[in-house]
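Heads up: the structure comes next, in structure tokens.
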Amino acid sequence: MADTDTGAPPKPLLIAAACLAILLVAGVAVFGLTRGADSGAPAADGPLPLVPVPAPQSGSPECAKLVGALPHELTSSGNTLVRRKLADPAPEATVGWGTGDPVVLRCGLGKPPELTPTSRLRTINGVQWLQVEGEDTATWFVVDRPVYTALTVPNTAGTGPLQTISDVIAANLPAVPLRF
């Protein structure tokens, strides 16, 4: 049924077509927002982007030995975290495991400012650590080896990464007196 004056389709048909087009566009947009990939998150198998931090001893033989001895996988709260390739430019003597909130080890850092003669230290498998709480993470600093090393773990990680890394550090780096 065409409009007898102009030959155009009837107005109710035009309104229905316009409404369907709007609903289709809205549906595609909602689908894209709820089902599409989060472009801000790194791909599970893509390189892990990390910001560089000052690490004056990252090129030391001790860091090279430690990084070379680190495992390909860590166990965290019953989950296996696989070692990730780091995005370029990758910080030297840095390793990451897992996706989402990864576990990250950085070797060769400067002395943590929180380390004082009255700091509360924890010994795990023969290695002394200083815990510094963050938002949804904790960074643990190795304080009794020739180089300061930090292990940042999400609060959901459990103790597996700390125990494994402590064993690797104890086997590869000699203990030294604390330096305040």
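Naming scheme: A, B, ... for chains in displayed order of the structure tokens; residues 1 onward per chain; ligands 1 onward as shown.
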* List the neighbours of Ser58 (chain A) out to 12 Å using only C-alpha atoms; skip same-chain residues closer than 3 positions along the sequence, and give me the result as a ChimeraX atom specification. => /A:52-55,61-67,91-95,105-110,146-150
* Write out as a ChimeraX atom specification each polymer residue whose atoms come within 9 Å of Arg83 (chain A), counting only C-alpha atoms; drop sequence neighbours fewer than 4 positions from it. => /A:71-74,95-98
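Here CA of Leu162 (chain A) and CA of Trp140 (chain A) stand 8.4 Å from one another.
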* Asked: So which one's closest to Ala170 (chain A), A:Asn79, A:Thr152, A:Asp136, A:Ala69? Using only C-alpha atoms, please.
  ->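 Going through A:Asn79, A:Thr152, A:Asp136, A:Ala69 one by one, the smallest distance to Ala170 (chain A) is for A:Ala69.
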* What is the CA of Phe180 (chain A)-CA of Lys111 (chain A) distance in Å, reported with one decimal? ->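 Between CA of Phe180 (chain A) and CA of Lys111 (chain A) the gap works out to 8.2 Å.
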* Asked: Nearest to Gln163 (chain A) among A:Leu178, A:Val127, A:Val143, A:Leu48, with distances taken over only C-alpha atoms: which residue is it?
  ->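 Smallest distance to Gln163 (chain A) is found for A:Val127.
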* Please identify all polymer residues within 12 Å of Thr137 (chain A), counting only C-alpha atoms, omitting same-chain residues fewer than 3 positions from it, and present them as number ranges by chain. => A: 101-104, 131-134, 140, 151-158
Just to be explicit: take each residue in the selection above, keep all heavy atoms, and write the result as a compact mmCIF listing (two decimals), in the first residue's frame.
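Final file, again-v9.txt:
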# COMPACT_ATOMS: atom_id res chain seq x y z
N ASP A 101 46.18 -10.68 37.13
CA ASP A 101 47.08 -10.10 38.13
C ASP A 101 48.30 -11.01 38.23
O ASP A 101 48.31 -11.97 38.99
CB ASP A 101 46.39 -9.99 39.50
CG ASP A 101 45.27 -8.98 39.51
OD1 ASP A 101 45.40 -7.97 38.80
OD2 ASP A 101 44.27 -9.21 40.21
N PRO A 102 49.35 -10.74 37.46
CA PRO A 102 50.49 -11.66 37.41
C PRO A 102 51.37 -11.56 38.66
O PRO A 102 51.32 -10.58 39.41
CB PRO A 102 51.27 -11.19 36.19
CG PRO A 102 50.96 -9.74 36.10
CD PRO A 102 49.53 -9.59 36.58
N VAL A 103 52.17 -12.58 38.87
CA VAL A 103 53.24 -12.56 39.87
C VAL A 103 54.47 -12.04 39.14
O VAL A 103 54.78 -12.49 38.04
CB VAL A 103 53.48 -13.99 40.42
CG1 VAL A 103 54.71 -14.02 41.31
CG2 VAL A 103 52.25 -14.48 41.17
N VAL A 104 55.15 -11.06 39.73
CA VAL A 104 56.30 -10.43 39.05
C VAL A 104 57.50 -10.40 39.99
O VAL A 104 57.39 -9.99 41.15
CB VAL A 104 55.96 -8.99 38.60
CG1 VAL A 104 57.17 -8.31 37.98
CG2 VAL A 104 54.79 -9.00 37.62
N GLN A 131 57.79 -7.59 53.90
CA GLN A 131 56.53 -7.45 53.18
C GLN A 131 56.08 -5.99 53.18
O GLN A 131 56.06 -5.34 54.22
CB GLN A 131 55.44 -8.31 53.83
CG GLN A 131 54.11 -8.22 53.11
CD GLN A 131 53.01 -9.00 53.81
OE1 GLN A 131 53.14 -9.39 54.96
NE2 GLN A 131 51.91 -9.22 53.11
N VAL A 132 55.72 -5.49 51.99
CA VAL A 132 55.18 -4.14 51.84
C VAL A 132 53.81 -4.29 51.17
O VAL A 132 53.72 -4.76 50.03
CB VAL A 132 56.11 -3.24 51.00
CG1 VAL A 132 55.49 -1.86 50.80
CG2 VAL A 132 57.47 -3.13 51.66
N GLU A 133 52.76 -3.93 51.90
CA GLU A 133 51.40 -4.07 51.39
C GLU A 133 51.09 -3.02 50.34
O GLU A 133 51.53 -1.88 50.44
CB GLU A 133 50.38 -3.94 52.53
CG GLU A 133 50.38 -5.09 53.50
CD GLU A 133 49.82 -6.38 52.91
OE1 GLU A 133 49.00 -6.31 51.97
OE2 GLU A 133 50.21 -7.44 53.39
N GLY A 134 50.34 -3.42 49.33
CA GLY A 134 49.87 -2.51 48.29
C GLY A 134 48.37 -2.69 48.14
O GLY A 134 47.74 -3.38 48.94
N TRP A 140 57.09 -8.39 48.29
CA TRP A 140 58.00 -8.99 49.26
C TRP A 140 59.43 -8.75 48.77
O TRP A 140 59.76 -9.11 47.65
CB TRP A 140 57.73 -10.49 49.36
CG TRP A 140 56.38 -10.83 49.90
CD1 TRP A 140 55.18 -10.77 49.24
CD2 TRP A 140 56.09 -11.26 51.22
NE1 TRP A 140 54.18 -11.15 50.07
CE2 TRP A 140 54.70 -11.47 51.31
CE3 TRP A 140 56.87 -11.51 52.35
CZ2 TRP A 140 54.07 -11.90 52.46
CZ3 TRP A 140 56.25 -11.94 53.51
CH2 TRP A 140 54.87 -12.14 53.56
N LEU A 151 59.33 -9.57 44.93
CA LEU A 151 58.32 -10.44 44.36
C LEU A 151 56.96 -9.83 44.66
O LEU A 151 56.58 -9.74 45.83
CB LEU A 151 58.41 -11.86 44.94
CG LEU A 151 57.47 -12.89 44.34
CD1 LEU A 151 57.88 -13.20 42.89
CD2 LEU A 151 57.45 -14.17 45.17
N THR A 152 56.27 -9.40 43.62
CA THR A 152 54.94 -8.81 43.80
C THR A 152 53.91 -9.87 43.47
O THR A 152 53.95 -10.48 42.39
CB THR A 152 54.77 -7.58 42.90
OG1 THR A 152 55.80 -6.63 43.23
CG2 THR A 152 53.41 -6.93 43.10
N VAL A 153 53.01 -10.10 44.42
CA VAL A 153 51.98 -11.13 44.26
C VAL A 153 50.61 -10.55 44.58
O VAL A 153 50.48 -9.72 45.47
CB VAL A 153 52.26 -12.35 45.17
CG1 VAL A 153 53.54 -13.07 44.79
CG2 VAL A 153 52.33 -11.95 46.63
N PRO A 154 49.58 -10.98 43.83
CA PRO A 154 48.24 -10.55 44.18
C PRO A 154 47.84 -11.15 45.52
O PRO A 154 48.34 -12.21 45.91
CB PRO A 154 47.36 -11.08 43.04
CG PRO A 154 48.18 -12.08 42.31
CD PRO A 154 49.62 -11.83 42.65
N ASN A 155 46.94 -10.49 46.25
CA ASN A 155 46.52 -10.98 47.55
C ASN A 155 45.86 -12.35 47.48
O ASN A 155 45.77 -13.05 48.48
CB ASN A 155 45.58 -9.98 48.22
CG ASN A 155 46.30 -8.72 48.66
OD1 ASN A 155 47.53 -8.71 48.80
ND2 ASN A 155 45.56 -7.66 48.87
N THR A 156 45.42 -12.77 46.30
CA THR A 156 44.77 -14.07 46.12
C THR A 156 45.76 -15.18 45.80
O THR A 156 45.35 -16.31 45.58
CB THR A 156 43.74 -13.98 44.99
OG1 THR A 156 44.43 -13.56 43.79
CG2 THR A 156 42.63 -12.99 45.32
N ALA A 157 47.05 -14.91 45.79
CA ALA A 157 48.05 -15.86 45.29
C ALA A 157 48.36 -17.01 46.25
O ALA A 157 48.85 -18.03 45.83
CB ALA A 157 49.35 -15.14 44.94
N GLY A 158 48.13 -16.86 47.52
CA GLY A 158 48.54 -17.89 48.45
C GLY A 158 50.05 -17.83 48.68
O GLY A 158 50.73 -16.90 48.25
* **Nearest to Pro161 (chain A) by atom-to-atom distance, counting only C-alpha atoms, from A:Pro117, A:Gly59, A:Ala90, A:Leu81** => A:Leu81
* To do: Check the DSSP output for the backbone and give back, as a PyMOL selection string, the residues of region 109-138 of chain A in strand (DSSP E or B).
  => chain A and resi 109+121-124+127-133+137-138
Go ahead and dump the residues you just picked, N, CA and C atoms, as a short mmCIF file (atom, residue, chain, number, x, y, z; two decimals), in the first residue's frame.
data_model
loop_
_atom_site.label_atom_id
_atom_site.label_comp_id
_atom_site.auth_asym_id
_atom_site.auth_seq_id
_atom_site.Cartn_x
_atom_site.Cartn_y
_atom_site.Cartn_z
N LEU A 109 67.12 -4.38 42.60
CA LEU A 109 66.56 -3.11 43.05
C LEU A 109 67.44 -2.46 44.11
N LEU A 121 60.51 -8.74 59.77
CA LEU A 121 60.92 -9.60 58.66
C LEU A 121 60.33 -10.99 58.85
N ARG A 122 60.14 -11.68 57.74
CA ARG A 122 59.67 -13.07 57.78
C ARG A 122 60.70 -13.94 57.09
N THR A 123 60.98 -15.08 57.68
CA THR A 123 61.89 -16.04 57.07
C THR A 123 61.07 -17.15 56.45
N ILE A 124 61.25 -17.33 55.14
CA ILE A 124 60.54 -18.38 54.40
C ILE A 124 61.58 -19.23 53.72
N VAL A 127 65.08 -17.77 53.69
CA VAL A 127 65.29 -16.46 53.07
C VAL A 127 64.50 -15.42 53.86
N GLN A 128 65.14 -14.28 54.16
CA GLN A 128 64.46 -13.22 54.90
C GLN A 128 63.77 -12.25 53.95
N TRP A 129 62.50 -12.00 54.21
CA TRP A 129 61.66 -11.14 53.36
C TRP A 129 61.08 -9.99 54.18
N LEU A 130 60.92 -8.85 53.53
CA LEU A 130 60.21 -7.71 54.08
C LEU A 130 58.95 -7.53 53.25
N GLN A 131 57.79 -7.59 53.90
CA GLN A 131 56.53 -7.45 53.18
C GLN A 131 56.08 -5.99 53.18
N VAL A 132 55.72 -5.49 51.99
CA VAL A 132 55.18 -4.14 51.84
C VAL A 132 53.81 -4.29 51.17
N GLU A 133 52.76 -3.93 51.90
CA GLU A 133 51.40 -4.07 51.39
C GLU A 133 51.09 -3.02 50.34
N THR A 137 47.67 -6.19 46.31
CA THR A 137 48.91 -6.94 46.11
C THR A 137 49.80 -6.74 47.34
N ALA A 138 50.82 -7.55 47.40
CA ALA A 138 51.89 -7.35 48.38
C ALA A 138 53.20 -7.52 47.63
#
* Any idea what the distance is between CA of Ser60 (chain A) and CA of Arg145 (chain A)? -> 12.8 Å
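All residues within region 43-179 of chain A that the backbone DSSP calculation assigns to helix (DSSP H, G or I) are Pro61, Glu62, Cys63, Ala64, Lys65, Leu66, Val67, Gly68, Ala69, Gly160, Pro161, Leu162, Gln163, Thr164, Ile165, Ser166, Asp167, Val168, Ile169, Ala170, Ala171 and Asn172 of chain A.
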* To do: Identify, on the basis of only C-alpha atoms, every residue whose closest approach to Pro89 (chain A) does not exceed 9 Å; exclude the query and any residue fewer than 4 positions from it along the same chain; express the result as a PyMOL selection string.
  => chain A and resi 49-52
